[in-house]
Structures are given as structure tokens and as C-alpha cells.
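Below is final_19.csv, which holds CSV, C-alpha atoms.
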chain,number,residue,atom,x,y,z
A,1,MET,CA,15.5,108.0,-120.9
A,2,ILE,CA,14.7,111.8,-121.2
A,3,PRO,CA,11.4,111.9,-122.9
A,4,THR,CA,10.8,115.7,-123.3
A,5,ILE,CA,13.4,116.2,-126.1
A,6,THR,CA,12.2,113.3,-128.3
A,7,LYS,CA,8.6,114.2,-128.2
A,8,ASN,CA,8.6,117.9,-129.1
A,9,TYR,CA,11.4,118.5,-131.5
A,10,GLN,CA,12.1,117.8,-135.2
A,11,ASN,CA,15.8,118.5,-134.7
A,12,VAL,CA,17.9,118.0,-131.5
A,13,VAL,CA,21.4,118.6,-130.4
A,14,ILE,CA,22.9,116.3,-127.7
A,15,SER,CA,26.1,117.2,-125.8
A,16,THR,CA,27.9,114.6,-123.7
A,17,GLY,CA,29.8,117.2,-121.7
A,18,ASN,CA,33.4,116.6,-120.6
A,19,ILE,CA,34.1,112.9,-120.6
A,20,ILE,CA,37.8,113.1,-119.8
A,21,ASN,CA,37.4,112.7,-116.0
A,22,ASN,CA,35.8,109.3,-116.2
A,23,GLU,CA,36.3,105.9,-117.9
A,24,LEU,CA,34.3,107.1,-121.0
A,25,GLY,CA,37.3,109.3,-122.1
A,26,GLN,CA,39.8,106.4,-122.3
A,27,ARG,CA,38.3,104.4,-125.2
A,28,GLN,CA,38.0,104.2,-128.9
A,29,SER,CA,36.1,107.2,-130.4
A,30,ASN,CA,33.0,105.2,-131.4
A,31,GLU,CA,32.8,103.7,-127.9
A,32,GLU,CA,33.3,107.0,-126.2
A,33,LEU,CA,30.5,108.6,-128.3
A,34,TYR,CA,28.0,105.7,-127.7
A,35,ASP,CA,28.6,105.5,-124.0
A,36,GLY,CA,28.6,109.3,-123.6
A,37,LEU,CA,25.2,109.5,-125.3
A,38,GLN,CA,23.8,106.6,-123.3
A,39,LYS,CA,24.9,108.3,-120.1
A,40,THR,CA,23.4,111.6,-121.2
A,41,LEU,CA,20.1,110.2,-122.5
A,42,HIS,CA,19.4,107.2,-120.3
A,43,ASP,CA,20.9,108.0,-116.8
A,44,ASP,CA,18.2,109.1,-114.4
A,45,PRO,CA,18.9,112.7,-113.6
A,46,LYS,CA,17.1,112.3,-110.2
A,47,SER,CA,19.3,109.4,-109.2
A,48,SER,CA,21.4,109.9,-106.0
A,49,THR,CA,24.2,107.6,-107.1
A,50,SER,CA,27.7,109.1,-107.1
A,51,ASP,CA,28.1,108.7,-110.8
A,52,SER,CA,24.8,110.3,-111.8
A,53,VAL,CA,25.1,113.2,-114.3
A,54,VAL,CA,23.5,116.7,-114.4
A,55,VAL,CA,21.5,116.9,-117.6
A,56,GLU,CA,19.8,120.1,-118.7
A,57,ILE,CA,17.1,120.3,-121.3
A,58,ASP,CA,17.1,123.4,-123.4
A,59,LYS,CA,13.5,123.5,-124.6
A,60,LEU,CA,14.0,126.7,-126.5
A,61,HIS,CA,16.7,125.3,-128.8
A,62,GLY,CA,15.9,121.5,-128.6
A,63,ARG,CA,19.1,120.5,-126.8
A,64,VAL,CA,20.1,118.0,-124.3
A,65,LEU,CA,23.2,119.2,-122.4
A,66,CYS,CA,25.2,117.0,-120.0
A,67,ALA,CA,27.3,118.7,-117.2
A,68,THR,CA,27.5,122.0,-119.0
A,69,GLN,CA,28.6,123.9,-115.8
A,70,GLU,CA,31.5,121.5,-115.2
A,71,LEU,CA,32.5,121.9,-118.9
A,72,ASN,CA,32.4,125.7,-118.7
A,73,SER,CA,34.5,125.5,-115.5
A,74,LYS,CA,37.2,123.5,-117.2
A,75,LEU,CA,37.2,126.0,-120.1
A,76,THR,CA,37.6,129.0,-117.9
A,77,GLU,CA,40.1,127.8,-115.3
A,78,ASN,CA,42.8,128.9,-117.7
A,79,GLY,CA,42.8,132.1,-119.9
A,80,ARG,CA,41.5,131.6,-123.5
A,81,ASN,CA,45.0,132.3,-124.8
A,82,GLU,CA,46.4,129.6,-122.6
A,83,ILE,CA,44.2,126.8,-124.1
A,84,SER,CA,43.9,125.3,-127.5
A,85,ILE,CA,40.5,124.0,-128.7
A,86,GLY,CA,40.4,121.6,-131.6
A,87,ALA,CA,37.4,119.9,-133.1
A,88,LYS,CA,36.7,117.2,-135.7
A,89,ILE,CA,33.4,117.0,-137.6
A,90,PHE,CA,32.2,113.6,-138.8
A,91,LEU,CA,29.9,113.8,-141.7
A,92,ASN,CA,28.5,110.9,-143.8
A,93,LYS,CA,26.1,112.9,-146.0
A,94,ASN,CA,26.4,116.0,-148.2
A,95,SER,CA,24.9,118.8,-146.1
A,96,THR,CA,26.2,122.3,-145.8
A,97,GLU,CA,23.5,122.9,-143.2
A,98,SER,CA,24.9,120.2,-141.0
A,99,VAL,CA,28.4,121.8,-141.2
A,100,ASN,CA,26.9,125.1,-140.1
A,101,GLU,CA,24.8,123.5,-137.3
A,102,ALA,CA,27.8,121.7,-136.0
A,103,LEU,CA,30.0,124.8,-135.9
A,104,GLU,CA,27.3,126.9,-134.3
A,105,ALA,CA,26.6,124.3,-131.7
A,106,LEU,CA,30.4,124.0,-130.9
A,107,LEU,CA,30.8,127.7,-130.4
A,108,ASN,CA,27.6,128.0,-128.4
A,109,ILE,CA,28.0,125.1,-126.1
A,110,LEU,CA,31.6,125.8,-125.4
A,111,ASN,CA,30.7,129.5,-125.0
A,112,VAL,CA,33.7,130.7,-127.0
A,113,THR,CA,34.2,133.2,-129.9
A,114,HIS,CA,36.6,131.0,-131.8
A,115,VAL,CA,38.3,127.6,-131.9
A,116,ASP,CA,41.9,126.9,-132.9
A,117,ASN,CA,41.3,124.2,-135.5
A,118,VAL,CA,38.6,122.2,-137.1
A,119,VAL,CA,39.1,119.0,-139.2
A,120,LEU,CA,36.4,117.7,-141.5
A,121,ALA,CA,36.0,114.0,-142.1
A,122,TYR,CA,33.5,113.4,-144.9
A,123,HIS,CA,32.7,109.8,-145.9
A,124,PRO,CA,29.6,109.6,-148.0
A,125,ASN,CA,30.2,106.0,-149.2
A,126,VAL,CA,31.3,104.1,-146.2
A,127,ALA,CA,29.8,100.8,-147.4
A,128,SER,CA,31.9,100.9,-150.6
A,129,ALA,CA,35.0,100.6,-148.5
A,130,THR,CA,34.5,96.9,-148.1
A,131,PRO,CA,36.8,94.7,-150.2
A,132,LEU,CA,35.3,93.5,-153.5
A,133,ALA,CA,37.6,90.6,-153.9
A,134,THR,CA,36.1,87.1,-153.8
A,135,THR,CA,39.1,85.7,-151.9
A,136,THR,CA,39.8,86.4,-148.3
A,137,PRO,CA,41.2,90.0,-148.3
A,138,ARG,CA,44.5,90.9,-146.6
A,139,SER,CA,45.1,94.2,-144.8
A,140,PRO,CA,47.3,96.8,-146.4
A,141,CYS,CA,49.9,96.0,-143.8
A,142,ALA,CA,49.8,92.3,-144.8
A,143,GLU,CA,50.1,93.3,-148.5
A,144,ALA,CA,53.1,95.5,-147.7
A,145,ALA,CA,54.7,92.7,-145.7
A,146,ALA,CA,54.2,90.3,-148.6
A,147,ALA,CA,55.7,92.7,-151.0
A,148,ALA,CA,58.7,93.2,-148.8
A,149,ALA,CA,59.2,89.5,-148.4
A,150,ALA,CA,59.1,89.1,-152.2
A,151,VAL,CA,61.8,91.7,-152.6
A,152,SER,CA,64.0,90.3,-149.8
A,153,SER,CA,63.9,86.8,-151.4
A,154,GLY,CA,65.1,88.2,-154.8
A,155,GLY,CA,61.7,88.5,-156.4
A,156,ALA,CA,59.6,91.5,-157.4
A,157,PRO,CA,56.6,92.9,-155.6
A,158,SER,CA,53.3,91.5,-156.8
A,159,SER,CA,51.0,93.6,-158.8
A,160,ASN,CA,48.6,93.3,-155.8
A,161,SER,CA,51.0,95.1,-153.5
A,162,SER,CA,49.8,97.6,-151.0
A,163,SER,CA,50.2,100.6,-153.4
A,164,VAL,CA,47.6,99.0,-155.7
A,165,THR,CA,45.3,98.2,-152.8
A,166,ASP,CA,45.6,101.7,-151.3
A,167,SER,CA,44.8,103.2,-154.7
A,168,ALA,CA,41.7,101.1,-155.2
A,169,ASN,CA,40.5,102.0,-151.7
A,170,SER,CA,41.5,105.7,-151.8
A,171,TRP,CA,39.0,108.4,-151.1
A,172,SER,CA,39.0,109.6,-154.7
A,173,ALA,CA,38.4,106.1,-156.1
A,174,ARG,CA,35.5,105.5,-153.7
A,175,ASN,CA,33.8,108.8,-154.0
A,176,GLY,CA,34.7,110.0,-157.5
A,177,ASP,CA,34.5,113.4,-159.0
A,178,GLN,CA,31.0,114.0,-157.5
A,179,GLY,CA,32.4,113.3,-154.1
A,180,ILE,CA,35.2,115.8,-154.5
A,181,SER,CA,32.8,118.4,-155.9
A,182,ASP,CA,30.5,118.0,-152.8
A,183,LEU,CA,33.5,118.1,-150.5
A,184,LYS,CA,34.6,121.4,-152.0
A,185,ILE,CA,31.2,122.9,-151.1
A,186,LEU,CA,31.3,121.5,-147.6
A,187,TYR,CA,34.8,122.9,-147.1
A,188,LYS,CA,33.5,126.3,-148.2
A,189,GLY,CA,31.3,126.2,-145.2
A,190,LEU,CA,34.3,125.9,-143.0
A,191,GLU,CA,36.1,128.7,-144.8
A,192,ARG,CA,33.3,131.1,-144.0
A,193,TYR,CA,34.0,130.7,-140.3
A,194,ALA,CA,37.8,130.9,-140.9
A,195,LEU,CA,37.4,134.2,-142.7
A,196,LYS,CA,35.5,135.5,-139.7
A,197,GLN,CA,38.4,134.4,-137.5
A,198,GLN,CA,36.1,131.9,-135.7
A,199,ILE,CA,38.3,129.0,-136.8
A,200,LYS,CA,42.1,129.6,-136.9
A,201,GLN,CA,43.2,126.5,-138.8
A,202,LEU,CA,41.3,124.2,-141.1
A,203,GLY,CA,42.0,120.5,-141.8
A,204,ILE,CA,40.8,117.5,-143.8
A,205,ALA,CA,40.8,113.9,-142.9
A,206,ASP,CA,41.5,110.7,-144.9
A,207,LEU,CA,42.0,112.2,-148.4
A,208,ASP,CA,44.5,110.8,-150.9
A,209,ALA,CA,46.9,113.2,-152.5
A,210,LYS,CA,44.7,113.8,-155.6
A,211,ALA,CA,41.6,114.8,-153.5
A,212,LEU,CA,43.7,116.9,-151.2
A,213,ALA,CA,45.3,118.7,-154.1
A,214,GLU,CA,41.8,119.5,-155.5
A,215,ILE,CA,40.7,121.0,-152.2
A,216,TYR,CA,43.9,122.9,-151.8
A,217,LYS,CA,44.0,124.6,-155.2
A,218,THR,CA,40.3,125.8,-155.1
A,219,SER,CA,40.3,126.9,-151.4
A,220,GLU,CA,40.2,130.5,-150.3
A,221,VAL,CA,41.6,129.4,-146.9
A,222,ALA,CA,43.9,126.5,-147.6
A,223,PRO,CA,43.9,123.5,-145.2
A,224,SER,CA,46.9,123.4,-142.9
A,225,ILE,CA,46.2,120.0,-141.4
A,226,ALA,CA,45.8,116.6,-143.1
A,227,GLN,CA,44.8,113.5,-141.2
A,228,VAL,CA,45.3,109.9,-142.3
A,229,ASN,CA,43.9,106.7,-140.8
A,230,LEU,CA,46.6,104.2,-140.2
A,231,ALA,CA,44.0,101.5,-139.5
A,232,ALA,CA,43.4,101.5,-143.3
A,233,CYS,CA,46.9,102.3,-144.4
A,234,CYS,CA,49.8,101.2,-142.3
A,235,VAL,CA,52.3,103.3,-144.3
A,236,VAL,CA,51.4,106.9,-145.3
A,237,PRO,CA,51.4,107.0,-149.1
A,238,VAL,CA,54.5,108.7,-150.5
A,239,GLU,CA,52.5,111.1,-152.7
A,240,LEU,CA,50.5,112.3,-149.7
A,241,GLN,CA,53.7,112.8,-147.7
A,242,GLU,CA,55.3,114.8,-150.5
A,243,PHE,CA,52.2,117.0,-151.0
A,244,CYS,CA,52.0,117.8,-147.3
A,245,ARG,CA,55.7,118.6,-147.2
A,246,ASP,CA,55.7,120.8,-150.3
A,247,HIS,CA,52.6,122.7,-149.1
A,248,GLU,CA,53.5,122.9,-145.4
A,249,LEU,CA,50.6,120.9,-144.1
A,250,VAL,CA,50.8,119.2,-140.8
A,251,LEU,CA,50.3,115.5,-141.3
A,252,ASN,CA,48.7,113.6,-138.4
A,253,THR,CA,47.5,110.1,-137.9
A,254,HIS,CA,44.2,108.9,-136.3
A,255,SER,CA,42.2,105.8,-135.6
A,256,ASP,CA,38.6,107.1,-136.0
A,257,PRO,CA,36.2,104.9,-138.0
A,258,GLU,CA,34.6,106.4,-141.1
A,259,LEU,CA,31.1,105.8,-139.6
A,260,LEU,CA,31.3,106.9,-136.0
A,261,LEU,CA,27.9,105.6,-134.9
A,262,PRO,CA,25.7,103.3,-137.1
A,263,GLU,CA,22.0,104.3,-137.3
A,264,GLU,CA,20.9,101.1,-135.7
A,265,ARG,CA,22.9,101.8,-132.6
A,266,PHE,CA,21.8,105.4,-132.4
A,267,SER,CA,18.1,104.4,-132.8
A,268,PHE,CA,18.4,102.4,-129.6
A,269,LEU,CA,19.5,105.6,-127.8
A,270,ALA,CA,17.1,108.0,-129.5
A,271,PRO,CA,14.2,106.2,-131.2
A,272,GLY,CA,12.8,108.0,-134.2
A,273,TYR,CA,15.9,110.1,-134.8
A,274,THR,CA,18.8,109.7,-137.2
A,275,ILE,CA,22.2,111.3,-136.9
A,276,ASP,CA,22.9,114.3,-139.2
A,277,TRP,CA,26.4,115.1,-137.9
A,278,SER,CA,28.7,114.5,-134.9
A,279,LEU,CA,31.8,116.2,-133.7
A,280,ARG,CA,34.4,115.7,-131.0
A,281,TYR,CA,36.2,118.6,-129.3
A,282,GLN,CA,39.4,118.5,-127.3
A,283,VAL,CA,40.8,121.2,-125.1
A,284,TYR,CA,44.6,121.3,-124.2
A,285,VAL,CA,46.5,123.6,-121.9
A,286,ARG,CA,49.1,125.0,-124.3
A,287,CYS,CA,52.2,125.3,-122.1
A,288,ARG,CA,51.9,121.7,-120.6
A,289,GLY,CA,50.1,119.9,-123.4
A,290,VAL,CA,47.6,118.5,-120.9
A,291,LEU,CA,44.2,117.4,-122.1
A,292,THR,CA,41.7,119.1,-119.8
A,293,ALA,CA,38.4,118.6,-121.6
A,294,LYS,CA,37.0,116.3,-124.2
A,295,GLY,CA,33.5,115.6,-125.4
A,296,TYR,CA,31.1,114.9,-128.2
A,297,ILE,CA,28.2,116.9,-129.7
A,298,VAL,CA,25.6,115.2,-132.0
A,299,GLY,CA,22.9,116.7,-134.3
A,300,ALA,CA,19.9,114.5,-135.1
A,301,SER,CA,16.6,114.8,-136.7
A,302,LYS,CA,13.3,113.0,-137.3
A,303,PRO,CA,12.8,111.9,-140.9
A,304,SER,CA,10.4,114.3,-142.6
A,305,ARG,CA,6.9,113.1,-143.2
A,306,ALA,CA,7.4,113.3,-146.9
A,307,ASN,CA,10.0,110.5,-146.6
A,308,ASN,CA,7.8,108.3,-144.4
Rewritten as C-alpha cells:
Amino acid sequence: MIPTITKNYQNVVISTGNIINNELGQRQSNEELYDGLQKTLHDDPKSSTSDSVVVEIDKLHGRVLCATQELNSKLTENGRNEISIGAKIFLNKNSTESVNEALEALLNILNVTHVDNVVLAYHPNVASATPLATTTPRSPCAEAAAAAAAVSSGGAPSSNSSSVTDSANSWSARNGDQGISDLKILYKGLERYALKQQIKQLGIADLDAKALAEIYKTSEVAPSIAQVNLAACCVVPVELQEFCRDHELVLNTHSDPELLLPEERFSFLAPGYTIDWSLRYQVYVRCRGVLTAKGYIVGASKPSRANN
């Protein structure tokens, strides 16, 4: 464990460095993040083992940086116009300060003036995503299969078909008007960087068509990327497909969990701190589509004494 950072700072930023060259970069995103943080915070930097990591402590800014030199080498082995840098911010609380901190950390640690795209995943009510039914719930894919079976046998789809399930579990249904209002403000934080040409394209993850339309119509820099999690919805809703087609949004799928790292797991890695935000960046060589760098950056803080 690196003690200096946890003793002296109210707020810290932790960078895993480039994880693509080891086994950490071949797993689910939540596993990659946890193992990357564990390696950064708990590996002994004085160890002589072959898999030991070089960890720097930036005392001025309260940062723990893993293998920064190797990361910078990967970013500069090709010209900036020859690589594409994309990032995804994971946020579970309404905080424009967290959006700003995440973007500043991204630009600073990668030592670039701009990134090509940033996608925001905002899930303030993760717990409410659990099914409320008293019977054993079926996945959306199972519901869709049941509906298809009913039709093929000459019957009609049940009222509990996947479309109803998807609607009940949609982002809008779970987060309401207040959630959309908060998301608009968070998105404005991204727009400020886009207007300064520090982000070339903006994106939003996991919204249903209603919420996406709200963001789109009030935006100054419209999103050009929409992500949908197929773990929660095996078939992309038709309304979302149509909205993206009509407004020329690129529709991508992903498998990231809504809560990337639960507090109880993070507290084991950095006792006394809670996660404010996390992000993942990926760097591709444009002409070959080769992933050359990938890593995570996390912002954390100690609860204020007023809340203790």
C-alpha cells in the first residue's frame, strides 16, 4: 500500500497507466478497474519482481500515477493525427465538479490538448434497477423469447413482453424528470470542452429514446454517439434505433455495469476514500484499428467532516 497519498490529501486522482500489455486489459471493465487499482496502490514499488510497476506520487496535485512514462511513450510513438483517443466517464452522483475533474485529469495525464470522443454514463439510481416483481424475474431476452414463442404458436405476445419490461426499466422511468434535468447540466459540462475543441465528439450511454431526445434538443453541441447496454436489453429498442438513424447518431453497444466499482470494494483498496468519478480511455491507431493503450483514472475523496 502506498501510504503517502492517503494520509495527506482530501482529494486524490489514481491512474492505472496502460493496462493493455498485461492480463489486466483482457477482462470485464469492473475487473480491469479493480485489478488495475490494486496493482497501482498495493504492489511494492521497491520490489524487484519482473511484474512490478513504476508508481509515481505527485504530491503537489495529490495523484498516484502508474507507469506514466510507458503510457506517454505509447501515445507518442505515432503522430497525434494518426491515433484516436476515446474516453468514457462513469458517474453515479450529480456533480459537475466531477465531470470537470475527470476531463482535466484525462487531458493532463495523457498530456494531450484534445481527445476525439467522450461518452458520459450517468446512473444516479443504480439500486432501483433491481426487479420489483415478487416472482422470479426473467431477463429481457427470456421475455422476448417467450413473446416470440407465443406468436409462433398462434397466440399473442403477453402484456409482460420485453417491450413492457424495457419501458419499466428504462433510464427515464428509473430517474424521472429530475434525473433528466441533472443530466442536462452534466452534459453542459462536456459541451464546454467541446466548444473549446478539447473534445471532438460527445456521446451518452444507456438512455432510452425519450431521455436522449431531451438531451439532443437542448444541447448546444449535439451528441453524435449513443451507447446501449445489451446485457440489460438483448434487442435495441426500435424507438432508439429510429431516433439515432433520423439524427445521424452512431449507435454502439457495450457491456459496462452501471456501477463500475462498489464502495465496499474500493474501501479495501483506499480506506477512508469514496469514489467521485472514474473513466476509461482507449487509444487506437487509426489506419490499422489497433488498440495501443487502455487505462483507467479514478477521482476519490475523503468524506467532509461535516458529514462524519
Write out as a ChimeraX atom specification the residues lying within 10 Å of Gly272 (chain A), counting all atoms listed in the file and excluding same-chain residues fewer than 4 positions away. /A:6-7,10,266-268,300-303
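Interatomic distance, CA of Gly299 (chain A) against CA of Asn108 (chain A): 13.6 Å.
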Contacts of Val283 (chain A) within 10 Å, only C-alpha atoms, excl. fewer than 6 positions in-chain, as a VMD selection string: chain A and resid 18 74 to 75 83 to 87 115 to 116 289 to 295
Got a sec to check which residues sit within 12 Å of (32.7, 109.5, -132.4), counting all atoms listed in the file, and write them as a ChimeraX atom specification? /A:16,24-25,27-37,87-91,121,255-262,266,275,277-281,294-298
Using only C-alpha atoms, which protein or nucleic acid residues come within 12 Å of Tyr216 (chain A)? Drop anything in the same chain fewer than 4 positions from it, and give the result as a PyMOL selection string. chain A and resi 180+183-184+187-188+191+202-204+207+209-212+220-226+243-244+247-249
What's the separation between CA of Asn175 (chain A) and CA of His254 (chain A), in Å to one decimal place?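 Interatomic distance here is 20.5 Å.
For the residues A:Leu195, A:Leu240, A:Ala67, A:Leu251, ranking by smallest atom-to-atom distance to Ala213 (chain A) using only C-alpha atoms places A:Leu240 first.
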